Each structure stands twice: as C-alpha cells, then as structure tokens.
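Structure file target-v6.tsv; described as TSV, C-alpha atoms.
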```
chain	number	residue	atom	x	y	z
A	1	MET	CA	13.31	-19.35	14.06
A	2	ASP	CA	12.05	-17.49	11.03
A	3	MET	CA	8.36	-16.78	11.39
A	4	TYR	CA	7.46	-16.95	7.75
A	5	SER	CA	8.72	-19.03	4.88
A	6	GLY	CA	11.39	-17.73	2.49
A	7	HIS	CA	8.85	-17.05	-0.25
A	8	ILE	CA	6.61	-15.04	2.04
A	9	ASN	CA	9.53	-13.04	3.43
A	10	ARG	CA	10.76	-12.24	-0.06
A	11	LEU	CA	7.31	-11.03	-1.12
A	12	ILE	CA	6.94	-8.93	2.04
A	13	GLU	CA	10.35	-7.33	1.41
A	14	GLU	CA	9.57	-6.49	-2.21
A	15	LEU	CA	6.21	-4.97	-1.25
A	16	ALA	CA	7.70	-3.01	1.66
A	17	ALA	CA	10.15	-1.40	-0.80
A	18	LEU	CA	7.23	0.35	-2.53
A	19	PRO	CA	6.53	3.93	-1.48
A	20	GLY	CA	4.11	4.38	1.44
A	21	VAL	CA	4.07	0.67	2.26
A	22	GLY	CA	5.20	-0.09	5.82
A	23	ALA	CA	6.16	-3.47	7.24
A	24	LYS	CA	2.66	-4.17	8.56
A	25	SER	CA	0.86	-3.28	5.33
A	26	ALA	CA	3.40	-5.29	3.32
A	27	GLN	CA	2.57	-8.32	5.50
A	28	ARG	CA	-1.15	-7.75	5.06
A	29	MET	CA	-0.80	-7.33	1.29
A	30	ALA	CA	1.41	-10.43	0.99
A	31	PHE	CA	-1.06	-12.69	2.79
A	32	HIS	CA	-3.86	-11.24	0.73
A	33	ILE	CA	-2.00	-11.93	-2.52
A	34	ILE	CA	-1.23	-15.51	-1.49
A	35	ASN	CA	-4.91	-16.08	-0.75
A	36	MET	CA	-6.11	-14.53	-4.02
A	37	PRO	CA	-7.31	-16.87	-6.80
A	38	GLN	CA	-4.53	-17.75	-9.25
A	39	GLN	CA	-6.27	-15.77	-11.97
A	40	ARG	CA	-6.23	-12.55	-9.94
A	41	VAL	CA	-2.56	-13.01	-9.09
A	42	GLU	CA	-1.82	-13.32	-12.81
A	43	ARG	CA	-3.84	-10.20	-13.54
A	44	LEU	CA	-1.77	-8.31	-10.97
A	45	THR	CA	1.64	-9.45	-12.25
A	46	ASP	CA	0.54	-8.92	-15.84
A	47	ALA	CA	-0.62	-5.38	-15.05
A	48	ILE	CA	2.81	-4.65	-13.56
A	49	THR	CA	4.73	-6.18	-16.46
A	50	SER	CA	2.58	-4.53	-19.15
A	51	ALA	CA	2.70	-1.11	-17.53
A	52	LYS	CA	6.47	-1.32	-17.24
A	53	ALA	CA	6.83	-2.50	-20.85
A	54	ASN	CA	4.36	-0.12	-22.50
A	55	VAL	CA	4.38	3.09	-20.56
A	56	ARG	CA	6.89	5.76	-21.60
A	57	TYR	CA	7.39	9.51	-21.44
A	58	CYS	CA	5.33	11.68	-23.78
A	59	LYS	CA	7.81	13.21	-26.25
A	60	GLU	CA	6.25	16.63	-25.72
A	61	CYS	CA	5.42	17.04	-22.02
A	62	TYR	CA	7.11	14.02	-20.41
A	63	THR	CA	4.02	12.72	-18.69
A	64	LEU	CA	3.62	8.93	-18.66
A	65	THR	CA	1.63	7.52	-21.55
A	66	ASP	CA	1.11	4.46	-23.77
A	67	GLU	CA	1.67	6.53	-26.93
A	68	GLU	CA	4.47	8.61	-28.44
A	69	ILE	CA	2.43	11.71	-27.62
A	70	CYS	CA	0.00	11.83	-24.68
A	71	PRO	CA	-3.73	12.56	-25.19
A	72	VAL	CA	-3.40	16.12	-23.86
A	73	CYS	CA	-0.50	17.03	-26.16
A	74	ALA	CA	-2.20	15.29	-29.10
A	75	SER	CA	-5.47	17.20	-28.62
A	76	VAL	CA	-6.24	20.06	-31.02
A	77	LYS	CA	-8.73	21.40	-28.47
A	78	ARG	CA	-5.97	22.34	-26.02
A	79	ASP	CA	-4.13	25.66	-26.04
A	80	HIS	CA	-0.59	24.63	-26.92
A	81	ARG	CA	0.75	28.15	-26.31
A	82	THR	CA	0.14	27.79	-22.55
A	83	ILE	CA	2.36	25.34	-20.66
A	84	MET	CA	1.78	24.43	-17.02
A	85	VAL	CA	4.93	23.13	-15.35
A	86	VAL	CA	4.29	20.48	-12.67
A	87	GLU	CA	6.58	18.36	-10.54
A	88	ASN	CA	5.05	15.00	-11.32
A	89	VAL	CA	2.31	13.09	-13.10
A	90	ARG	CA	0.07	13.03	-10.04
A	91	ASP	CA	0.06	16.83	-10.00
A	92	LEU	CA	-0.85	16.88	-13.69
A	93	ALA	CA	-3.67	14.45	-12.92
A	94	ALA	CA	-4.91	16.72	-10.12
A	95	TYR	CA	-5.22	19.72	-12.47
A	96	GLU	CA	-6.62	17.61	-15.26
A	97	LYS	CA	-9.35	16.40	-12.94
A	98	THR	CA	-10.63	19.97	-12.52
A	99	GLY	CA	-11.57	19.79	-16.23
A	100	LYS	CA	-11.06	23.56	-16.46
A	101	TYR	CA	-7.45	23.93	-17.52
A	102	GLU	CA	-7.20	24.23	-21.29
A	103	GLY	CA	-3.46	24.49	-21.83
A	104	VAL	CA	-0.86	21.73	-21.96
A	105	TYR	CA	1.66	20.57	-19.36
A	106	HIS	CA	5.32	19.97	-18.74
A	107	VAL	CA	6.24	17.34	-16.17
A	108	LEU	CA	9.59	17.94	-14.46
A	109	HIS	CA	9.68	14.59	-12.65
A	110	GLY	CA	11.04	16.19	-9.50
A	111	ALA	CA	12.05	19.53	-8.06
A	112	ILE	CA	15.39	21.17	-7.41
A	113	SER	CA	16.59	20.23	-3.92
A	114	PRO	CA	20.11	21.16	-2.82
A	115	MET	CA	19.43	19.15	0.37
A	116	LEU	CA	18.80	15.94	-1.57
A	117	GLY	CA	21.43	16.79	-4.17
A	118	ILE	CA	18.85	17.17	-6.94
A	119	GLY	CA	20.03	19.84	-9.36
A	120	PRO	CA	18.49	21.42	-12.49
A	121	ASN	CA	20.01	18.68	-14.66
A	122	ASP	CA	18.27	15.94	-12.68
A	123	ILE	CA	14.78	17.07	-13.72
A	124	LYS	CA	13.23	17.64	-17.17
A	125	LEU	CA	14.27	21.31	-17.33
A	126	LYS	CA	16.42	21.27	-20.48
A	127	GLU	CA	13.41	19.67	-22.14
A	128	LEU	CA	11.21	22.58	-21.01
A	129	ILE	CA	13.67	25.14	-22.35
A	130	ALA	CA	13.75	23.31	-25.69
A	131	ARG	CA	9.94	23.57	-25.93
A	132	LEU	CA	10.10	27.35	-25.49
A	133	GLU	CA	11.73	27.68	-28.91
A	134	GLY	CA	8.29	26.96	-30.31
A	135	ASP	CA	5.32	29.33	-30.12
A	136	VAL	CA	4.70	29.72	-26.38
A	137	GLY	CA	2.73	32.58	-24.84
A	138	GLU	CA	2.73	31.70	-21.14
A	139	VAL	CA	4.46	29.34	-18.76
A	140	ILE	CA	2.44	28.68	-15.59
A	141	ILE	CA	4.64	27.33	-12.83
A	142	ALA	CA	2.60	24.93	-10.71
A	143	THR	CA	5.32	23.30	-8.65
A	144	ASN	CA	4.39	22.56	-5.03
A	145	SER	CA	4.52	25.37	-2.51
A	146	SER	CA	7.27	23.58	-0.61
A	147	LEU	CA	10.84	24.81	-0.32
A	148	GLU	CA	11.86	22.64	-3.28
A	149	GLY	CA	8.86	23.73	-5.33
A	150	GLU	CA	9.54	27.42	-4.70
A	151	THR	CA	13.24	27.02	-5.44
A	152	THR	CA	12.37	25.34	-8.71
A	153	ALA	CA	9.85	28.07	-9.57
A	154	MET	CA	12.41	30.82	-8.97
A	155	TYR	CA	15.02	28.98	-10.98
A	156	ILE	CA	12.70	28.55	-13.96
A	157	ARG	CA	11.60	32.20	-13.79
A	158	LYS	CA	15.20	33.44	-13.89
A	159	LEU	CA	15.93	31.10	-16.77
A	160	ILE	CA	13.05	31.98	-19.08
A	161	LYS	CA	11.94	35.50	-18.11
A	162	PRO	CA	14.75	37.06	-20.23
A	163	ALA	CA	13.32	35.27	-23.27
A	164	GLY	CA	10.31	37.58	-23.04
A	165	ILE	CA	7.82	34.80	-22.33
A	166	ARG	CA	5.11	35.50	-19.75
A	167	VAL	CA	5.86	33.49	-16.59
A	168	THR	CA	3.20	33.07	-13.92
A	169	ARG	CA	2.99	31.19	-10.64
A	170	ILE	CA	-0.20	29.60	-9.32
A	171	ALA	CA	-1.46	31.54	-6.32
A	172	SER	CA	-0.65	30.30	-2.89
A	173	GLY	CA	-4.24	29.57	-2.12
A	174	VAL	CA	-2.54	26.22	-1.89
A	175	PRO	CA	-1.59	25.76	1.77
A	176	VAL	CA	2.12	26.19	2.41
A	177	GLY	CA	3.81	22.83	2.59
A	178	GLY	CA	0.85	21.17	0.87
A	179	ASP	CA	1.19	18.57	-1.84
A	180	LEU	CA	-0.92	19.41	-4.92
A	181	GLU	CA	-2.26	15.92	-5.27
A	182	TYR	CA	-4.05	16.04	-1.92
A	183	ILE	CA	-5.78	19.36	-2.47
A	184	ASP	CA	-9.44	19.76	-3.40
A	185	GLU	CA	-10.44	20.94	-6.86
A	186	VAL	CA	-11.93	24.25	-5.73
A	187	THR	CA	-8.68	25.29	-4.09
A	188	LEU	CA	-6.74	24.19	-7.14
A	189	LEU	CA	-8.97	26.29	-9.39
A	190	ARG	CA	-8.77	29.32	-7.09
A	191	ALA	CA	-5.01	29.05	-7.12
A	192	LEU	CA	-5.08	28.96	-10.93
A	193	GLU	CA	-7.34	32.01	-11.20
A	194	GLY	CA	-5.23	33.95	-8.72
A	195	ARG	CA	-1.95	33.32	-10.51
A	196	THR	CA	0.33	36.36	-10.53
A	197	GLU	CA	3.13	37.69	-12.67
A	198	LEU	CA	6.58	36.49	-11.58
B	1	MET	CA	-10.40	12.63	-21.42
B	2	ASP	CA	-8.68	9.87	-19.54
B	3	MET	CA	-5.79	11.22	-17.53
B	4	TYR	CA	-3.61	8.18	-17.63
B	5	SER	CA	-2.97	5.54	-20.24
B	6	GLY	CA	-4.83	2.24	-20.20
B	7	HIS	CA	-1.81	0.37	-18.87
B	8	ILE	CA	-1.34	2.78	-15.98
B	9	ASN	CA	-5.04	2.72	-15.11
B	10	ARG	CA	-5.07	-1.06	-15.11
B	11	LEU	CA	-2.05	-1.19	-12.79
B	12	ILE	CA	-3.59	1.41	-10.45
B	13	GLU	CA	-6.83	-0.60	-10.32
B	14	GLU	CA	-5.06	-3.87	-9.53
B	15	LEU	CA	-2.98	-2.23	-6.78
B	16	ALA	CA	-6.00	-0.42	-5.30
B	17	ALA	CA	-7.72	-3.80	-4.92
B	18	LEU	CA	-5.10	-4.84	-2.34
B	19	PRO	CA	-6.03	-4.39	1.33
B	20	GLY	CA	-5.16	-1.03	2.86
B	21	VAL	CA	-4.24	0.53	-0.48
B	22	GLY	CA	-6.32	3.58	-1.35
B	23	ALA	CA	-6.60	5.31	-4.73
B	24	LYS	CA	-3.82	7.79	-3.94
B	25	SER	CA	-1.34	5.20	-2.71
B	26	ALA	CA	-2.14	2.96	-5.67
B	27	GLN	CA	-1.25	5.87	-7.98
B	28	ARG	CA	1.95	6.54	-6.10
B	29	MET	CA	2.92	2.86	-6.16
B	30	ALA	CA	2.10	2.53	-9.87
B	31	PHE	CA	4.30	5.45	-10.89
B	32	HIS	CA	7.04	4.16	-8.67
B	33	ILE	CA	6.86	0.71	-10.26
B	34	ILE	CA	6.95	2.16	-13.79
B	35	ASN	CA	10.05	4.14	-12.87
B	36	MET	CA	11.83	1.18	-11.25
B	37	PRO	CA	14.65	-0.51	-13.17
B	38	GLN	CA	13.44	-3.48	-15.23
B	39	GLN	CA	15.35	-5.85	-12.95
B	40	ARG	CA	13.53	-4.66	-9.84
B	41	VAL	CA	10.16	-4.96	-11.57
B	42	GLU	CA	11.01	-8.57	-12.43
B	43	ARG	CA	12.04	-9.24	-8.84
B	44	LEU	CA	8.66	-7.94	-7.67
B	45	THR	CA	6.54	-9.96	-10.10
B	46	ASP	CA	8.67	-13.04	-9.48
B	47	ALA	CA	8.24	-12.68	-5.72
B	48	ILE	CA	4.47	-12.55	-6.22
B	49	THR	CA	4.38	-15.52	-8.58
B	50	SER	CA	6.72	-17.67	-6.46
B	51	ALA	CA	4.90	-16.93	-3.21
B	52	LYS	CA	1.58	-17.82	-4.81
B	53	ALA	CA	2.99	-21.02	-6.32
B	54	ASN	CA	4.96	-22.26	-3.31
B	55	VAL	CA	3.17	-21.11	-0.21
B	56	ARG	CA	0.47	-23.35	1.23
B	57	TYR	CA	-1.25	-24.13	4.52
B	58	CYS	CA	0.70	-26.13	7.09
B	59	LYS	CA	-1.05	-29.52	7.35
B	60	GLU	CA	-1.01	-29.25	11.14
B	61	CYS	CA	-1.75	-25.66	12.14
B	62	TYR	CA	-2.84	-24.04	8.86
B	63	THR	CA	-0.33	-21.22	8.97
B	64	LEU	CA	1.23	-20.30	5.63
B	65	THR	CA	4.49	-22.07	4.84
B	66	ASP	CA	6.76	-23.33	2.02
B	67	GLU	CA	6.72	-26.86	3.43
B	68	GLU	CA	4.14	-29.55	4.17
B	69	ILE	CA	4.63	-28.81	7.87
B	70	CYS	CA	5.65	-25.35	9.13
B	71	PRO	CA	8.88	-24.85	11.16
B	72	VAL	CA	6.95	-24.47	14.44
B	73	CYS	CA	4.95	-27.69	14.00
B	74	ALA	CA	8.07	-29.49	12.77
B	75	SER	CA	10.15	-28.48	15.80
B	76	VAL	CA	10.77	-31.07	18.52
B	77	LYS	CA	11.59	-28.22	20.91
B	78	ARG	CA	8.00	-27.00	20.96
B	79	ASP	CA	5.33	-28.28	23.34
B	80	HIS	CA	2.88	-29.98	20.97
B	81	ARG	CA	0.34	-30.55	23.76
B	82	THR	CA	-0.37	-26.81	24.01
B	83	ILE	CA	-2.23	-25.21	21.11
B	84	MET	CA	-2.75	-21.46	20.82
B	85	VAL	CA	-5.70	-20.59	18.58
B	86	VAL	CA	-5.26	-17.34	16.61
B	87	GLU	CA	-7.35	-15.63	13.96
B	88	ASN	CA	-4.65	-15.16	11.36
B	89	VAL	CA	-0.99	-15.56	10.46
B	90	ARG	CA	-0.13	-12.01	11.55
B	91	ASP	CA	-1.36	-12.81	15.08
B	92	LEU	CA	0.78	-15.95	15.12
B	93	ALA	CA	3.74	-13.82	14.03
B	94	ALA	CA	3.06	-11.33	16.84
B	95	TYR	CA	3.23	-14.06	19.51
B	96	GLU	CA	6.17	-15.77	17.83
B	97	LYS	CA	8.10	-12.50	17.93
B	98	THR	CA	7.89	-12.52	21.76
B	99	GLY	CA	10.14	-15.60	21.62
B	100	LYS	CA	8.55	-16.80	24.87
B	101	TYR	CA	5.67	-18.99	23.74
B	102	GLU	CA	6.74	-22.63	23.58
B	103	GLY	CA	3.58	-24.33	22.39
B	104	VAL	CA	2.23	-24.67	18.85
B	105	TYR	CA	-0.55	-22.77	17.06
B	106	HIS	CA	-3.79	-23.21	15.19
B	107	VAL	CA	-4.68	-20.53	12.64
B	108	LEU	CA	-8.44	-20.10	12.08
B	109	HIS	CA	-8.10	-17.73	9.10
B	110	GLY	CA	-10.94	-15.58	10.34
B	111	ALA	CA	-13.44	-15.26	13.17
B	112	ILE	CA	-17.13	-16.02	13.48
B	113	SER	CA	-19.17	-12.96	12.49
B	114	PRO	CA	-22.94	-13.25	12.10
B	115	MET	CA	-22.88	-9.64	10.82
B	116	LEU	CA	-20.58	-10.54	7.93
B	117	GLY	CA	-22.18	-13.95	7.46
B	118	ILE	CA	-19.03	-15.81	8.55
B	119	GLY	CA	-20.05	-18.99	10.34
B	120	PRO	CA	-18.07	-21.77	12.10
B	121	ASN	CA	-17.72	-23.64	8.81
B	122	ASP	CA	-16.03	-20.70	7.11
B	123	ILE	CA	-12.97	-20.83	9.38
B	124	LYS	CA	-10.53	-23.68	10.18
B	125	LEU	CA	-12.56	-24.91	13.14
B	126	LYS	CA	-13.28	-28.50	12.02
B	127	GLU	CA	-9.51	-28.77	11.55
B	128	LEU	CA	-8.96	-27.65	15.16
B	129	ILE	CA	-11.44	-30.22	16.47
B	130	ALA	CA	-9.69	-32.92	14.45
B	131	ARG	CA	-6.39	-32.05	16.11
B	132	LEU	CA	-7.90	-32.48	19.57
B	133	GLU	CA	-8.19	-36.22	18.98
B	134	GLY	CA	-4.44	-36.33	19.48
B	135	ASP	CA	-2.65	-35.74	22.80
B	136	VAL	CA	-3.62	-32.17	23.73
B	137	GLY	CA	-3.37	-30.73	27.26
B	138	GLU	CA	-4.43	-27.11	26.79
B	139	VAL	CA	-6.07	-24.93	24.18
B	140	ILE	CA	-5.24	-21.23	24.62
B	141	ILE	CA	-7.73	-19.04	22.79
B	142	ALA	CA	-5.94	-15.94	21.53
B	143	THR	CA	-8.55	-14.53	19.18
B	144	ASN	CA	-8.85	-10.73	19.18
B	145	SER	CA	-10.82	-9.07	21.96
B	146	SER	CA	-13.31	-7.75	19.41
B	147	LEU	CA	-16.96	-8.83	19.19
B	148	GLU	CA	-16.03	-11.43	16.55
B	149	GLY	CA	-13.01	-12.63	18.52
B	150	GLU	CA	-15.05	-13.03	21.70
B	151	THR	CA	-17.88	-14.79	19.88
B	152	THR	CA	-15.37	-17.20	18.36
B	153	ALA	CA	-13.71	-17.78	21.75
B	154	MET	CA	-17.07	-18.59	23.38
B	155	TYR	CA	-18.02	-20.91	20.52
B	156	ILE	CA	-14.76	-22.86	20.76
B	157	ARG	CA	-15.01	-23.10	24.54
B	158	LYS	CA	-18.53	-24.59	24.33
B	159	LEU	CA	-17.36	-26.99	21.65
B	160	ILE	CA	-14.29	-28.44	23.34
B	161	LYS	CA	-14.83	-27.95	27.09
B	162	PRO	CA	-17.00	-31.11	27.28
B	163	ALA	CA	-14.06	-33.10	25.90
B	164	GLY	CA	-12.26	-32.45	29.19
B	165	ILE	CA	-9.46	-30.43	27.63
B	166	ARG	CA	-8.26	-27.33	29.51
B	167	VAL	CA	-9.41	-24.21	27.65
B	168	THR	CA	-7.93	-20.82	28.51
B	169	ARG	CA	-8.31	-17.30	27.13
B	170	ILE	CA	-5.52	-14.71	26.99
B	171	ALA	CA	-6.15	-11.84	29.46
B	172	SER	CA	-7.57	-8.60	28.20
B	173	GLY	CA	-6.77	-5.39	30.02
B	174	VAL	CA	-4.72	-2.24	29.92
B	175	PRO	CA	-1.75	-2.57	27.54
B	176	VAL	CA	1.65	-2.40	29.21
B	177	GLY	CA	2.85	1.20	29.09
B	178	GLY	CA	-0.66	2.38	28.22
B	179	ASP	CA	-2.03	5.57	29.76
B	180	LEU	CA	-5.32	4.88	31.55
B	181	GLU	CA	-6.87	8.14	30.34
B	182	TYR	CA	-6.58	7.09	26.69
B	183	ILE	CA	-8.09	3.65	27.13
B	184	ASP	CA	-11.73	2.91	26.36
B	185	GLU	CA	-14.21	2.11	29.11
B	186	VAL	CA	-14.83	-1.48	28.07
B	187	THR	CA	-11.13	-2.25	28.37
B	188	LEU	CA	-10.91	-0.45	31.71
B	189	LEU	CA	-13.81	-2.49	33.08
B	190	ARG	CA	-12.36	-5.72	31.74
B	191	ALA	CA	-9.01	-4.89	33.38
B	192	LEU	CA	-10.88	-4.29	36.66
B	193	GLU	CA	-12.77	-7.59	36.44
B	194	GLY	CA	-9.57	-9.46	35.63
B	195	ARG	CA	-7.61	-7.97	38.56
B	196	THR	CA	-5.28	-10.35	40.36
B	197	GLU	CA	-3.98	-10.52	43.95
B	198	LEU	CA	-0.75	-8.60	44.58
```

With the file now loaded, output its structure as structure tokens.
Amino acid sequence: MDMYSGHINRLIEELAALPGVGAKSAQRMAFHIINMPQQRVERLTDAITSAKANVRYCKECYTLTDEEICPVCASVKRDHRTIMVVENVRDLAAYEKTGKYEGVYHVLHGAISPMLGIGPNDIKLKELIARLEGDVGEVIIATNSSLEGETTAMYIRKLIKPAGIRVTRIASGVPVGGDLEYIDEVTLLRALEGRTEL
Amino acid sequence: MDMYSGHINRLIEELAALPGVGAKSAQRMAFHIINMPQQRVERLTDAITSAKANVRYCKECYTLTDEEICPVCASVKRDHRTIMVVENVRDLAAYEKTGKYEGVYHVLHGAISPMLGIGPNDIKLKELIARLEGDVGEVIIATNSSLEGETTAMYIRKLIKPAGIRVTRIASGVPVGGDLEYIDEVTLLRALEGRTEL
C-alpha cells in the first residue's frame, strides 16, 4: 500500500529532484508546504514562477539578473578593464560580499571537465573571448581550485595569454578541493591579494 | 550593492523559509530552478499547488491524504481495534514501511512541550479521545523517546488508562546493529531497565 497520497508523492518527488535535497528533507519540506497557509504557498509558487520568467543572463558578464545588464556591469564605479572569471553566480556572490573587489566579472556557468564530458564550448568561454576585444587590462581567473577549476584556468591562460593581456590566478590560499562559496571572506581576500602571474 | 536581482532574492528567501533549508542551499536551489526548463518549473509549481489544494487530514487518523479517509483507515485488512499514536506523518510512514504493523494509526501532529508552549490542546489529542468511544482494544504509544515524546506518552496514559483500555509504549533501547560504545548513557540505562528474559 502506498504510504502517502498521489499528490504528496508527486510533491516529494519534485522537491527531491532539487540539488542537495534528499528523500527525507523532501518529505519534511512537502509536509511543511501542505501545512503552510494558502497565502504563503502562493508566495512560494509565485516567487518560483516570477524568478523563472524574469531572470536572465547579463549581456556582459552572464551572471543572473532582472535587467539587460547587471548592476555590477552597469556601474561606472567599477573598473571595467579588470575581469574576474568565476565558475558560477554563487562564486561571484562570494567575492562581491567581500566588498573589496572593484573590477567586473565573467561567469562561465561551469568548468571544463573531460570526466563529465563538459568541454570549452559547454561553458561561456567564447563569450569571454569576445569581451577581450574591448579594452581589458587584466583577467583574474578565480575558478575553484579543484581539478576542473585548474583545468579551466590553464585552458583560459593558453587561450588569451598570446593576446598580450595580463592573466592572473587567485592564490591558492583557498584550500585545495574547496568550493569558493563556502570559504570565509578573509581567505577570499588573501587569495585575491596573493594572485600571481600565469 | 545588492548581489542578486530582486526576483532571485525573493525566491531565495521563500526557499530558505522551508524547514532544513539554509541560506546556501536556498541559493543553490534557486539557481537550479532558474536554470531548469520551463516545463520542469511548471511541474514543480503545479505539484505544490495541487498538493496544497487536494491534501487534507484523514477524518479518522489525521494523517495527510487525498481522500476523506486514508488508505490505512479505509482498509478492511487492518485491525481497527489497535491504534498506534505517532507524532507526525513521517513517523507513521516509518512504521508503515516495516510492512509488519497491522493496526491503524493516530497522528498527533506534534508533542506536548511546555518549553515551546505546546499544550494538549495544540495537538490532535481530543480527536484521539473521541476515537476511543468506538471499539478499541489497545493504544500503542509510539511518540519519540525525547522529553516531549515521553511527556506526551505519560499524559495520554493518564488520560485513557482509567477508561480500561490497554495502553502500551514501544520499547526504547539499543538500536539493532548499533554499537554500544556510540550510544548515549540514557539509552543504555533504558535498555538495561527494559531487559527481557532469554
């Protein structure tokens, strides 16, 4: 006999398909949602629908934003000649939270991984190359210090070094194997200061 | 400067309000949702809306179900004279998964907790008492072996023992396969007290 009703099972399945949500947490979340006031349920579904409908890639740096151009790229206070390349929006957010980085970003939305069959064309690399035709003084590669992150860093260096643009890599004050988004701000800043020529 | 757009922030906030979802996982889930195909986003919001609209309490045992009466309460194969009292639907599911319990359930939707200000009237206790006016042979109290669970068990026992109904409590002790050295002292003592003849 099925323990839950069809509607509950369907909700649990959909929730369990989200990243980092196991079967037990999906169950817990589902029961919580069912017990929420109708108004809160509507706020949740509306937040999902609106985000999906209104959020798009920034035309400059490919972060997620409500506008054509994200606030960082649109700001005249930022140094548009310095581009920090990150794997994803969470990594951008981590550096932005330090409040000390004054350049702009480029979000790759992934990293090269031969193991997972993710090649240079599967991430926003062509888009980075296209940006370098403008006035760019330095590209700071801030991919994770994982195998994929390092592979991606090396690939980008080989690709753009010949163009005569300064290419740097954030220092590995970041623990090896660590995900940028989980690292404290001090370490992130130290890694930025200690960046070296590639 | 705000790192994310308003729509993303709103989605992150709504997700972070769910139980067991921290700020980081909410971020991760939000970006995942925004990157999902439109069709999958609709399946998710529809699952939420349908579950909320169609799931209700079983009129007998107060578990969550699509019907007036849940499959367990509706089954003629179950022993309706034996009622197992559990704190929540997940606990019911845990016992149901054993496939060996043949009675029915009563879901309290909580436990008495003076600390949290949850009294007997805040859980489905009146509803349990009402059921005992029918033909009931045994009430098995399967609340958690936490302070709240034990308090609730004692309260129920006092309430219904005078009615002459058999009231039992599931055993607490060392979990099967559990290593003694990793088990807390209270559990070890309870296992000792509850020892049975071999």

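Note that atom CA of Thr45 of chain A and atom CA of Arg10 of chain B are 11.1 Å apart.
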
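Nearest to Leu15 of chain A of all the residues B:Gln27, B:Pro71, B:Leu44, B:Ala53 is B:Leu44, counting all atoms listed in the file.
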
Enclose the full set of atoms of segment 113-124 of chain A listed in the file within a box whose edges lie along x, y and z, apply 5 Å of padding to each of the six sides, and report centre and edge lengths in Å to one decimal as JSON.
```
{"center_x": 17.3, "center_y": 18.7, "center_z": -8.4, "size_x": 18.2, "size_y": 15.5, "size_z": 27.5}
```

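Distance-wise, atom CA of Arg157 of chain B and atom CA of Asn35 of chain A end up 28.1 Å apart.
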
Exercise. Near Ser146 of chain B, counting all atoms listed in the file, which residues have an atom at most 12 Å away, once you skip same-chain residues fewer than 3 positions from it, shown as a PyMOL selection string?
Worked result: chain B and resi 87+111-113+142-143+149-153+172+186-187

Using 8 Å as the limit and counting all atoms listed in the file, can you tabulate each residue of chain B that touches chain A, with its shortest atom-to-atom distance in Å and the two atoms involved, as JSON lines?
```
{"residue": "B:Met1", "atom": "CA", "partner": "A:Pro71", "partner_atom": "CA", "distance": 7.7}
{"residue": "B:Asp2", "atom": "CA", "partner": "A:Pro71", "partner_atom": "CA", "distance": 8.0}
{"residue": "B:Met3", "atom": "CA", "partner": "A:Ala93", "partner_atom": "CA", "distance": 6.0}
{"residue": "B:Tyr4", "atom": "CA", "partner": "A:Thr65", "partner_atom": "CA", "distance": 6.6}
{"residue": "B:Ser5", "atom": "CA", "partner": "A:Thr65", "partner_atom": "CA", "distance": 5.2}
{"residue": "B:Gly6", "atom": "CA", "partner": "A:Asp66", "partner_atom": "CA", "distance": 7.3}
{"residue": "B:His7", "atom": "CA", "partner": "A:Ala51", "partner_atom": "CA", "distance": 4.9}
{"residue": "B:Ile8", "atom": "CA", "partner": "A:Ala51", "partner_atom": "CA", "distance": 5.8}
{"residue": "B:Arg10", "atom": "CA", "partner": "A:Ala47", "partner_atom": "CA", "distance": 6.2}
{"residue": "B:Leu11", "atom": "CA", "partner": "A:Ala47", "partner_atom": "CA", "distance": 5.0}
{"residue": "B:Glu14", "atom": "CA", "partner": "A:Leu44", "partner_atom": "CA", "distance": 5.7}
{"residue": "B:Leu15", "atom": "CA", "partner": "A:Leu44", "partner_atom": "CA", "distance": 7.5}
{"residue": "B:Leu18", "atom": "CA", "partner": "A:Met29", "partner_atom": "CA", "distance": 6.2}
{"residue": "B:Pro19", "atom": "CA", "partner": "A:Met29", "partner_atom": "CA", "distance": 6.0}
{"residue": "B:Gly20", "atom": "CA", "partner": "A:Ser25", "partner_atom": "CA", "distance": 6.9}
{"residue": "B:Ser25", "atom": "CA", "partner": "A:Gly20", "partner_atom": "CA", "distance": 6.9}
{"residue": "B:Gln27", "atom": "CA", "partner": "A:Arg90", "partner_atom": "CA", "distance": 7.6}
{"residue": "B:Arg28", "atom": "CA", "partner": "A:Pro19", "partner_atom": "CA", "distance": 7.0}
{"residue": "B:Met29", "atom": "CA", "partner": "A:Pro19", "partner_atom": "CA", "distance": 6.0}
{"residue": "B:His32", "atom": "CA", "partner": "A:Pro19", "partner_atom": "CA", "distance": 7.2}
{"residue": "B:Ile33", "atom": "CA", "partner": "A:Lys52", "partner_atom": "CA", "distance": 7.3}
{"residue": "B:Ile34", "atom": "CA", "partner": "A:Lys52", "partner_atom": "CA", "distance": 4.9}
{"residue": "B:Asn35", "atom": "CA", "partner": "A:Lys52", "partner_atom": "CA", "distance": 7.9}
{"residue": "B:Gln38", "atom": "CA", "partner": "A:Lys52", "partner_atom": "CA", "distance": 7.6}
{"residue": "B:Val41", "atom": "CA", "partner": "A:Thr49", "partner_atom": "CA", "distance": 7.4}
{"residue": "B:Glu42", "atom": "CA", "partner": "A:Thr49", "partner_atom": "CA", "distance": 7.8}
{"residue": "B:Arg43", "atom": "CA", "partner": "A:Glu14", "partner_atom": "CA", "distance": 7.6}
{"residue": "B:Leu44", "atom": "CA", "partner": "A:Glu14", "partner_atom": "CA", "distance": 5.7}
{"residue": "B:Thr45", "atom": "CA", "partner": "A:Thr45", "partner_atom": "CA", "distance": 5.4}
{"residue": "B:Ala47", "atom": "CA", "partner": "A:Leu11", "partner_atom": "CA", "distance": 5.0}
{"residue": "B:Ile48", "atom": "CA", "partner": "A:Leu11", "partner_atom": "CA", "distance": 6.0}
{"residue": "B:Thr49", "atom": "CA", "partner": "A:Val41", "partner_atom": "CA", "distance": 7.4}
{"residue": "B:Ser50", "atom": "CA", "partner": "A:His7", "partner_atom": "CA", "distance": 6.6}
{"residue": "B:Ala51", "atom": "CA", "partner": "A:His7", "partner_atom": "CA", "distance": 4.9}
{"residue": "B:Lys52", "atom": "CA", "partner": "A:Ile34", "partner_atom": "CA", "distance": 4.9}
{"residue": "B:Asn54", "atom": "CA", "partner": "A:His7", "partner_atom": "CA", "distance": 7.2}
{"residue": "B:Val55", "atom": "CA", "partner": "A:His7", "partner_atom": "CA", "distance": 7.0}
{"residue": "B:Leu64", "atom": "CA", "partner": "A:Tyr4", "partner_atom": "CA", "distance": 7.4}
{"residue": "B:Thr65", "atom": "CA", "partner": "A:Ser5", "partner_atom": "CA", "distance": 5.2}
{"residue": "B:Asp66", "atom": "CA", "partner": "A:Ser5", "partner_atom": "CA", "distance": 5.5}
{"residue": "B:Pro71", "atom": "CA", "partner": "A:Met1", "partner_atom": "CA", "distance": 7.6}
{"residue": "B:Arg90", "atom": "CA", "partner": "A:Gln27", "partner_atom": "CA", "distance": 7.6}
{"residue": "B:Ala93", "atom": "CA", "partner": "A:Met3", "partner_atom": "CA", "distance": 6.1}
{"residue": "B:Glu96", "atom": "CA", "partner": "A:Met3", "partner_atom": "CA", "distance": 6.9}
{"residue": "B:Lys97", "atom": "CA", "partner": "A:Met3", "partner_atom": "CA", "distance": 7.8}
```

Seminar exercise, completed: Least-squares overlay of chain B on chain A, all C-alpha in order, gives RMSD 5.4 Å
